[in-house]
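Asker: This is run_14.cif (mmCIF, C-alpha atoms).
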```cif
data_query
loop_
_atom_site.label_atom_id
_atom_site.label_comp_id
_atom_site.auth_asym_id
_atom_site.auth_seq_id
_atom_site.Cartn_x
_atom_site.Cartn_y
_atom_site.Cartn_z
CA MET A 1 -10.75 9.80 4.71
CA SER A 2 -11.37 8.39 8.24
CA SER A 3 -14.76 10.17 8.34
CA ASP A 4 -15.88 8.11 5.33
CA PHE A 5 -14.75 4.94 7.09
CA GLU A 6 -16.67 5.87 10.23
CA GLY A 7 -19.77 6.55 8.16
CA TYR A 8 -19.53 3.07 6.65
CA GLU A 9 -19.03 1.71 10.18
CA GLN A 10 -22.30 3.24 11.36
CA ASP A 11 -24.17 1.89 8.33
CA PHE A 12 -22.70 -1.58 8.90
CA SER A 13 -23.63 -1.56 12.60
CA VAL A 14 -27.24 -0.60 11.86
CA LEU A 15 -27.48 -3.15 9.04
CA SER A 16 -25.95 -5.98 11.10
CA ALA A 17 -28.43 -5.30 13.91
CA GLU A 18 -31.34 -5.50 11.45
CA ILE A 19 -29.97 -8.72 9.97
CA THR A 20 -29.57 -10.31 13.41
CA ASN A 21 -33.15 -9.38 14.29
CA ARG A 22 -34.56 -10.82 11.07
CA ILE A 23 -32.49 -14.02 11.29
CA GLY A 24 -34.01 -14.61 14.72
CA LYS A 25 -37.50 -14.28 13.24
CA VAL A 26 -37.01 -16.75 10.36
CA PRO A 27 -37.69 -19.98 12.34
CA LYS A 28 -40.80 -18.44 13.86
CA LEU A 29 -42.51 -17.61 10.56
CA LEU A 30 -44.42 -19.82 8.14
CA GLY A 31 -45.07 -20.02 4.43
CA ASP A 32 -44.77 -16.87 2.34
CA GLU A 33 -43.82 -14.71 5.32
CA LYS A 34 -40.81 -16.93 5.99
CA ARG A 35 -39.77 -16.98 2.33
CA GLN A 36 -40.02 -13.18 2.16
CA MET A 37 -37.98 -12.82 5.34
CA VAL A 38 -35.25 -15.11 3.95
CA SER A 39 -35.15 -13.07 0.73
CA ASN A 40 -34.85 -9.81 2.70
CA VAL A 41 -32.00 -11.18 4.80
CA GLU A 42 -30.13 -12.29 1.68
CA LYS A 43 -30.38 -8.78 0.24
CA GLN A 44 -29.19 -7.20 3.46
CA LEU A 45 -26.25 -9.60 3.71
CA GLU A 46 -25.23 -8.58 0.20
CA GLU A 47 -25.43 -4.91 1.24
CA ALA A 48 -23.27 -5.69 4.28
CA ARG A 49 -20.65 -7.34 2.07
CA GLU A 50 -20.57 -4.28 -0.18
CA LEU A 51 -20.11 -2.04 2.88
CA LEU A 52 -17.17 -4.16 4.02
CA GLU A 53 -15.60 -3.85 0.56
CA GLN A 54 -15.96 -0.07 0.70
CA MET A 55 -14.43 -0.02 4.20
CA GLU A 56 -11.53 -2.16 2.94
CA LEU A 57 -10.88 0.33 0.15
CA GLU A 58 -10.94 3.22 2.61
CA VAL A 59 -8.41 1.45 4.87
CA ARG A 60 -6.02 1.08 1.92
CA GLU A 61 -6.09 4.85 1.40
CA ILE A 62 -5.27 5.64 5.05
CA PRO A 63 -1.56 6.53 5.71
CA PRO A 64 0.47 3.51 6.96
CA GLN A 65 1.18 5.10 10.35
CA SER A 66 -2.57 5.31 11.09
CA ARG A 67 -3.71 2.15 9.35
CA GLY A 68 -3.17 -0.36 12.20
CA MET A 69 -6.18 0.72 14.25
CA TYR A 70 -8.53 0.60 11.25
CA SER A 71 -7.20 -2.79 10.13
CA SER A 72 -7.97 -4.20 13.59
CA ARG A 73 -11.51 -2.85 13.41
CA MET A 74 -11.91 -4.34 9.93
CA ARG A 75 -10.98 -7.78 11.24
CA SER A 76 -13.66 -7.57 13.94
CA TYR A 77 -16.27 -6.52 11.36
CA LYS A 78 -15.31 -9.44 9.11
CA GLN A 79 -15.68 -11.82 12.03
CA GLU A 80 -19.09 -10.35 12.74
CA MET A 81 -20.00 -10.82 9.08
CA GLU A 82 -18.93 -14.46 9.23
CA LYS A 83 -21.12 -15.00 12.30
CA LEU A 84 -24.13 -13.43 10.57
CA GLU A 85 -23.66 -15.65 7.54
CA ALA A 86 -23.27 -18.76 9.72
CA ASP A 87 -26.41 -17.91 11.72
CA PHE A 88 -28.32 -17.30 8.51
CA LYS A 89 -27.16 -20.62 7.04
CA ARG A 90 -28.38 -22.47 10.12
CA SER A 91 -31.67 -20.59 9.95
CA ARG A 92 -32.05 -21.45 6.26
CA ILE A 93 -31.31 -25.11 6.89
CA ALA A 94 -34.09 -25.21 9.48
CA TYR A 95 -36.37 -23.41 7.06
CA SER A 96 -35.51 -25.80 4.20
CA ASP A 97 -36.16 -28.83 6.40
CA GLU A 98 -39.57 -27.55 7.39
CA VAL A 99 -40.57 -26.86 3.79
CA ARG A 100 -39.27 -30.25 2.68
CA ASN A 101 -41.17 -32.03 5.42
CA GLU A 102 -44.36 -30.20 4.50
CA LEU A 103 -44.01 -31.08 0.80
CA LEU A 104 -42.70 -34.64 1.06
CA GLY A 105 -44.05 -35.75 4.40
CA ASP A 106 -40.67 -37.01 5.65
CA ASP A 107 -40.64 -38.61 9.08
CA GLY A 108 -38.63 -37.23 12.01
CA ASN A 109 -35.67 -39.62 11.69
CA SER A 110 -35.06 -38.81 8.00
CA SER A 111 -35.26 -35.12 8.74
CA GLU A 112 -32.69 -35.40 11.51
CA ILE A 113 -30.28 -37.32 9.27
CA GLN A 114 -30.64 -34.75 6.51
CA ARG A 115 -30.18 -31.95 9.02
CA ALA A 116 -26.97 -33.56 10.26
CA HIS A 117 -25.65 -33.87 6.70
CA LEU A 118 -26.54 -30.26 5.92
CA LEU A 119 -24.91 -29.00 9.12
CA ASP A 120 -21.77 -30.95 8.29
CA ASN A 121 -21.68 -29.47 4.78
CA THR A 122 -22.29 -26.02 6.22
CA GLU A 123 -19.37 -26.38 8.61
CA ARG A 124 -17.15 -27.44 5.72
CA LEU A 125 -18.23 -24.43 3.71
CA GLU A 126 -17.55 -22.16 6.68
CA ARG A 127 -14.06 -23.60 7.11
CA SER A 128 -13.39 -23.08 3.40
CA SER A 129 -14.71 -19.54 3.69
CA ARG A 130 -12.41 -18.83 6.63
CA ARG A 131 -9.44 -20.18 4.70
CA LEU A 132 -10.32 -18.01 1.73
CA GLU A 133 -10.70 -15.01 4.01
CA ALA A 134 -7.30 -15.70 5.58
CA GLY A 135 -5.77 -15.99 2.11
CA TYR A 136 -7.38 -12.71 1.10
CA GLN A 137 -6.07 -11.03 4.24
CA ILE A 138 -2.56 -12.29 3.50
CA ALA A 139 -2.87 -10.99 -0.07
CA VAL A 140 -3.97 -7.57 1.23
CA GLU A 141 -1.09 -7.42 3.71
CA THR A 142 1.35 -8.53 1.01
CA GLU A 143 0.04 -5.81 -1.29
CA GLN A 144 0.52 -3.24 1.47
CA ILE A 145 4.07 -4.43 2.09
CA GLY A 146 4.73 -4.13 -1.64
CA GLN A 147 3.38 -0.57 -1.66
CA ASP A 148 5.59 0.35 1.31
CA ILE A 149 8.63 -1.12 -0.45
CA LEU A 150 7.82 0.82 -3.62
CA GLU A 151 7.49 4.04 -1.60
CA ASN A 152 10.86 3.42 0.06
CA LEU A 153 12.46 2.68 -3.30
CA SER A 154 10.99 5.89 -4.69
CA HIS A 155 12.48 7.90 -1.79
CA ASP A 156 15.86 6.19 -2.27
CA ARG A 157 15.74 6.96 -5.98
CA GLU A 158 15.14 10.65 -5.26
CA LYS A 159 18.10 10.67 -2.86
CA ILE A 160 20.34 9.02 -5.47
CA GLN A 161 19.24 11.53 -8.10
CA ARG A 162 20.03 14.45 -5.77
CA ALA A 163 23.44 12.93 -5.01
CA ARG A 164 24.14 12.59 -8.74
CA GLU A 165 23.21 16.22 -9.29
CA ARG A 166 25.61 17.29 -6.53
CA LEU A 167 28.35 15.16 -8.08
CA ARG A 168 27.77 16.82 -11.46
CA GLU A 169 27.99 20.25 -9.84
CA THR A 170 31.19 19.23 -8.05
CA ASP A 171 32.69 17.94 -11.30
CA ALA A 172 31.80 21.20 -13.04
CA ASN A 173 33.41 23.23 -10.23
CA LEU A 174 36.52 21.04 -10.34
CA GLY A 175 36.74 21.57 -14.10
CA LYS A 176 36.58 25.35 -13.64
CA SER A 177 39.22 25.22 -10.90
CA SER A 178 41.47 23.09 -13.09
CA ARG A 179 41.22 25.57 -15.97
CA ILE A 180 41.99 28.47 -13.62
CA LEU A 181 45.05 26.68 -12.18
CA THR A 182 46.28 25.83 -15.67
CA GLY A 183 46.01 29.48 -16.70
CA MET A 184 47.89 30.62 -13.58
CA ILE A 185 50.70 28.10 -14.16
CA ARG A 186 50.96 29.24 -17.79
CA ARG A 187 51.29 32.87 -16.72
CA VAL A 188 53.94 31.98 -14.12
CA ILE A 189 55.95 30.13 -16.77
CA GLN A 190 55.62 33.06 -19.15
CA ASN A 191 56.77 35.51 -16.46
CA ARG A 192 59.78 33.34 -15.66
CA ILE A 193 60.75 33.20 -19.33
CA LEU A 194 60.46 36.97 -19.56
CA VAL A 195 62.68 37.38 -16.47
CA VAL A 196 65.29 35.05 -17.96
CA ILE A 197 65.26 36.95 -21.26
CA LEU A 198 65.55 40.29 -19.45
CA GLY A 199 68.44 38.89 -17.40
CA ILE A 200 70.26 37.80 -20.54
CA ILE A 201 69.71 41.17 -22.15
CA VAL A 202 71.01 42.98 -19.07
CA PHE A 203 74.03 40.68 -18.91
CA LEU A 204 74.85 41.28 -22.56
CA ALA A 205 74.48 45.02 -22.09
CA VAL A 206 76.90 45.01 -19.14
CA VAL A 207 79.39 42.93 -21.08
CA MET A 208 79.26 45.32 -24.03
CA ILE A 209 79.64 48.36 -21.77
CA VAL A 210 82.68 46.82 -20.06
CA TYR A 211 84.12 45.82 -23.41
CA PHE A 212 83.82 49.26 -24.98
CA THR A 213 85.09 50.89 -21.81
CA LEU A 214 88.24 48.81 -21.55
CA ARG A 215 89.01 48.65 -25.26
CA PRO A 216 92.20 50.61 -26.06
CA HIS A 217 91.81 53.62 -28.29
#
```
The structure in this file should be written as structure tokens.
Answerer:
Amino acid sequence: MSSDFEGYEQDFSVLSAEITNRIGKVPKLLGDEKRQMVSNVEKQLEEARELLEQMELEVREIPPQSRGMYSSRMRSYKQEMEKLEADFKRSRIAYSDEVRNELLGDDGNSSEIQRAHLLDNTERLERSSRRLEAGYQIAVETEQIGQDILENLSHDREKIQRARERLRETDANLGKSSRILTGMIRRVIQNRILVVILGIIVFLAVVMIVYFTLRPH
């Protein structure tokens, strides 16, 4: 499982390096070359997001006792992804301003004002993105806590079931012991009755012998 995660890590590192290199080239290009470079970066950013999703799934499958290290690495990769997206947004804003100026012939002051507005909107979007990411992280952690609780409840349920089985066995053994004791008591009572009857018979026999012996002829 961890080997799959490390493979995704290597792919993400290579891809992020390529994205960083291409983002740096965007402001230096013109026309179709710049548009093609922007399109390529967008595709690679999408691939990077998919890699992060796969890594997130792998982390969920890792045992809880080993998950902390991988979760920390995931946070650093997400921060790196946020930085790439922010750099690309700034690069795209510069690119959009240049294209707009070429098409509309805007003067420098108008371009600066528009740039300021776009940067402000970009910062707002980034803050919203960070809040969403934090909410997602909380949801993931909450889900993990829920899974841990369910696992603990499952273990407790197994323990309770084993305890119930032992109680049933104990009840069955007590029932057998009770029947055995009842049978023993019954036999003791029967033996005592037999002894009493034999005693009476012996007594009557002695009385009759004495009577016939002492009776005058």
Asker: Can you give me, as a ChimeraX atom specification, the residues this file yields under the PyMOL selection byres ((chain A and resi 57-65) around 9)?
Answerer: /A:1-2,4-5,52-56,66-68,70-71,74,140,144,148
Asker: Please report the interatomic distance between atom CA of A:Arg131 and atom CA of A:Phe12 in Å with one decimal.
Answerer: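 Going from atom CA of A:Arg131 over to atom CA of A:Phe12 covers 23.2 Å.
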Asker: Run the PyMOL selection byres ((chain A and resi 80) around 12) mentally over the shown coordinates, then write out the matched residues as a PDB file with C-alpha atoms, in the frame of the given file, using the chain letters and numbers from the document.
Answerer:
```pdb
ATOM      1  CA  PHE A  12     -22.700  -1.580   8.900  1.00  0.00           C
ATOM      2  CA  SER A  13     -23.630  -1.560  12.600  1.00  0.00           C
ATOM      3  CA  LEU A  15     -27.480  -3.150   9.040  1.00  0.00           C
ATOM      4  CA  SER A  16     -25.950  -5.980  11.100  1.00  0.00           C
ATOM      5  CA  ALA A  17     -28.430  -5.300  13.910  1.00  0.00           C
ATOM      6  CA  ILE A  19     -29.970  -8.720   9.970  1.00  0.00           C
ATOM      7  CA  THR A  20     -29.570 -10.310  13.410  1.00  0.00           C
ATOM      8  CA  LEU A  45     -26.250  -9.600   3.710  1.00  0.00           C
ATOM      9  CA  ALA A  48     -23.270  -5.690   4.280  1.00  0.00           C
ATOM     10  CA  ARG A  49     -20.650  -7.340   2.070  1.00  0.00           C
ATOM     11  CA  LEU A  52     -17.170  -4.160   4.020  1.00  0.00           C
ATOM     12  CA  ARG A  73     -11.510  -2.850  13.410  1.00  0.00           C
ATOM     13  CA  MET A  74     -11.910  -4.340   9.930  1.00  0.00           C
ATOM     14  CA  ARG A  75     -10.980  -7.780  11.240  1.00  0.00           C
ATOM     15  CA  SER A  76     -13.660  -7.570  13.940  1.00  0.00           C
ATOM     16  CA  TYR A  77     -16.270  -6.520  11.360  1.00  0.00           C
ATOM     17  CA  LYS A  78     -15.310  -9.440   9.110  1.00  0.00           C
ATOM     18  CA  GLN A  79     -15.680 -11.820  12.030  1.00  0.00           C
ATOM     19  CA  MET A  81     -20.000 -10.820   9.080  1.00  0.00           C
ATOM     20  CA  GLU A  82     -18.930 -14.460   9.230  1.00  0.00           C
ATOM     21  CA  LYS A  83     -21.120 -15.000  12.300  1.00  0.00           C
ATOM     22  CA  LEU A  84     -24.130 -13.430  10.570  1.00  0.00           C
ATOM     23  CA  GLU A  85     -23.660 -15.650   7.540  1.00  0.00           C
ATOM     24  CA  ALA A  86     -23.270 -18.760   9.720  1.00  0.00           C
ATOM     25  CA  ASP A  87     -26.410 -17.910  11.720  1.00  0.00           C
TER      26      ASP A  87
END
```
Asker: Using all atoms listed in the file, which residue out of A:Leu181, A:Ile23, A:Val207, A:Leu125 lies closest to A:Met37?
Answerer: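 Between A:Leu181, A:Ile23, A:Val207, A:Leu125, the residue approaching A:Met37 most closely is A:Ile23.
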Asker: Have a look at A:Gly24, A:Asp32, A:Ile197, A:Lys43 and name the one nearest to A:Arg90; count all atoms listed in the file.
Answerer: A:Gly24
Asker: I'd like the interatomic distance between atom CA of A:Gln36 and atom CA of A:Lys89, to a tenth of an Å.
Answerer: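 We find that atom CA of A:Gln36 and atom CA of A:Lys89 lie 15.6 Å from each other.
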Asker: Distance atom CA of A:Glu42-atom CA of A:Ile138, one decimal place?
Answerer: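 If I compute the distance from atom CA of A:Glu42 to atom CA of A:Ile138, I get 27.6 Å.
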Asker: If we count all atoms listed in the file and set the cut-off at 10 Å, which residues sit around A:Arg92, ignoring sequence neighbours fewer than 6 positions away in its own chain? Please answer as a tab-separated table (two decimals) with C-alpha atoms, in the frame of the given file.
Answerer:
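Generated file (selection-v7.tsv):
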```tsv
chain	number	residue	atom	x	y	z
A	23	ILE	CA	-32.49	-14.02	11.29
A	26	VAL	CA	-37.01	-16.75	10.36
A	27	PRO	CA	-37.69	-19.98	12.34
A	34	LYS	CA	-40.81	-16.93	5.99
A	35	ARG	CA	-39.77	-16.98	2.33
A	38	VAL	CA	-35.25	-15.11	3.95
A	86	ALA	CA	-23.27	-18.76	9.72
A	98	GLU	CA	-39.57	-27.55	7.39
```
Asker: Since the input has fewer atoms than a full residue there, write stretch 54-76 of chain A out with N, CA and C atoms, as a PDB file, in the frame of the given file.
Answerer:
```pdb
ATOM      1  N   GLN A  54     -16.234  -1.504   0.696  1.00  0.00           N
ATOM      2  CA  GLN A  54     -15.960  -0.070   0.700  1.00  0.00           C
ATOM      3  C   GLN A  54     -15.043   0.303   1.869  1.00  0.00           C
ATOM      4  N   MET A  55     -15.282  -0.289   3.033  1.00  0.00           N
ATOM      5  CA  MET A  55     -14.430  -0.020   4.200  1.00  0.00           C
ATOM      6  C   MET A  55     -13.004  -0.491   3.941  1.00  0.00           C
ATOM      7  N   GLU A  56     -12.867  -1.634   3.271  1.00  0.00           N
ATOM      8  CA  GLU A  56     -11.530  -2.160   2.940  1.00  0.00           C
ATOM      9  C   GLU A  56     -10.786  -1.198   2.025  1.00  0.00           C
ATOM     10  N   LEU A  57     -11.496  -0.639   1.057  1.00  0.00           N
ATOM     11  CA  LEU A  57     -10.880   0.330   0.150  1.00  0.00           C
ATOM     12  C   LEU A  57     -10.449   1.582   0.902  1.00  0.00           C
ATOM     13  N   GLU A  58     -11.282   2.039   1.832  1.00  0.00           N
ATOM     14  CA  GLU A  58     -10.940   3.220   2.610  1.00  0.00           C
ATOM     15  C   GLU A  58      -9.690   2.967   3.456  1.00  0.00           C
ATOM     16  N   VAL A  59      -9.577   1.772   4.034  1.00  0.00           N
ATOM     17  CA  VAL A  59      -8.410   1.450   4.870  1.00  0.00           C
ATOM     18  C   VAL A  59      -7.124   1.497   4.037  1.00  0.00           C
ATOM     19  N   ARG A  60      -7.212   1.057   2.782  1.00  0.00           N
ATOM     20  CA  ARG A  60      -6.020   1.080   1.920  1.00  0.00           C
ATOM     21  C   ARG A  60      -5.536   2.497   1.646  1.00  0.00           C
ATOM     22  N   GLU A  61      -6.457   3.471   1.687  1.00  0.00           N
ATOM     23  CA  GLU A  61      -6.090   4.850   1.400  1.00  0.00           C
ATOM     24  C   GLU A  61      -5.581   5.586   2.638  1.00  0.00           C
ATOM     25  N   ILE A  62      -5.718   4.994   3.816  1.00  0.00           N
ATOM     26  CA  ILE A  62      -5.270   5.640   5.050  1.00  0.00           C
ATOM     27  C   ILE A  62      -3.742   5.536   5.139  1.00  0.00           C
ATOM     28  N   PRO A  63      -3.028   6.590   5.583  1.00  0.00           N
ATOM     29  CA  PRO A  63      -1.560   6.530   5.710  1.00  0.00           C
ATOM     30  C   PRO A  63      -1.128   5.340   6.565  1.00  0.00           C
ATOM     31  N   PRO A  64       0.022   4.722   6.238  1.00  0.00           N
ATOM     32  CA  PRO A  64       0.470   3.510   6.960  1.00  0.00           C
ATOM     33  C   PRO A  64       0.573   3.702   8.454  1.00  0.00           C
ATOM     34  N   GLN A  65       0.996   4.893   8.920  1.00  0.00           N
ATOM     35  CA  GLN A  65       1.180   5.100  10.350  1.00  0.00           C
ATOM     36  C   GLN A  65      -0.137   5.087  11.129  1.00  0.00           C
ATOM     37  N   SER A  66      -1.263   5.293  10.427  1.00  0.00           N
ATOM     38  CA  SER A  66      -2.570   5.310  11.090  1.00  0.00           C
ATOM     39  C   SER A  66      -3.432   4.116  10.702  1.00  0.00           C
ATOM     40  N   ARG A  67      -2.899   3.209   9.920  1.00  0.00           N
ATOM     41  CA  ARG A  67      -3.710   2.150   9.350  1.00  0.00           C
ATOM     42  C   ARG A  67      -3.954   0.995  10.321  1.00  0.00           C
ATOM     43  N   GLY A  68      -3.072   0.802  11.312  1.00  0.00           N
ATOM     44  CA  GLY A  68      -3.170  -0.360  12.200  1.00  0.00           C
ATOM     45  C   GLY A  68      -4.492  -0.426  12.936  1.00  0.00           C
ATOM     46  N   MET A  69      -4.938   0.699  13.483  1.00  0.00           N
ATOM     47  CA  MET A  69      -6.180   0.720  14.250  1.00  0.00           C
ATOM     48  C   MET A  69      -7.365   0.339  13.367  1.00  0.00           C
ATOM     49  N   TYR A  70      -7.409   0.878  12.137  1.00  0.00           N
ATOM     50  CA  TYR A  70      -8.530   0.600  11.250  1.00  0.00           C
ATOM     51  C   TYR A  70      -8.494  -0.848  10.755  1.00  0.00           C
ATOM     52  N   SER A  71      -7.300  -1.394  10.555  1.00  0.00           N
ATOM     53  CA  SER A  71      -7.200  -2.790  10.130  1.00  0.00           C
ATOM     54  C   SER A  71      -7.734  -3.717  11.217  1.00  0.00           C
ATOM     55  N   SER A  72      -7.456  -3.396  12.483  1.00  0.00           N
ATOM     56  CA  SER A  72      -7.970  -4.200  13.590  1.00  0.00           C
ATOM     57  C   SER A  72      -9.500  -4.149  13.632  1.00  0.00           C
ATOM     58  N   ARG A  73     -10.055  -2.973  13.419  1.00  0.00           N
ATOM     59  CA  ARG A  73     -11.510  -2.850  13.410  1.00  0.00           C
ATOM     60  C   ARG A  73     -12.120  -3.611  12.229  1.00  0.00           C
ATOM     61  N   MET A  74     -11.418  -3.602  11.091  1.00  0.00           N
ATOM     62  CA  MET A  74     -11.910  -4.340   9.930  1.00  0.00           C
ATOM     63  C   MET A  74     -11.972  -5.829  10.224  1.00  0.00           C
ATOM     64  N   ARG A  75     -10.974  -6.353  10.930  1.00  0.00           N
ATOM     65  CA  ARG A  75     -10.980  -7.780  11.240  1.00  0.00           C
ATOM     66  C   ARG A  75     -12.186  -8.148  12.120  1.00  0.00           C
ATOM     67  N   SER A  76     -12.512  -7.281  13.066  1.00  0.00           N
ATOM     68  CA  SER A  76     -13.660  -7.570  13.940  1.00  0.00           C
ATOM     69  C   SER A  76     -14.965  -7.523  13.137  1.00  0.00           C
TER      70      SER A  76
END
```
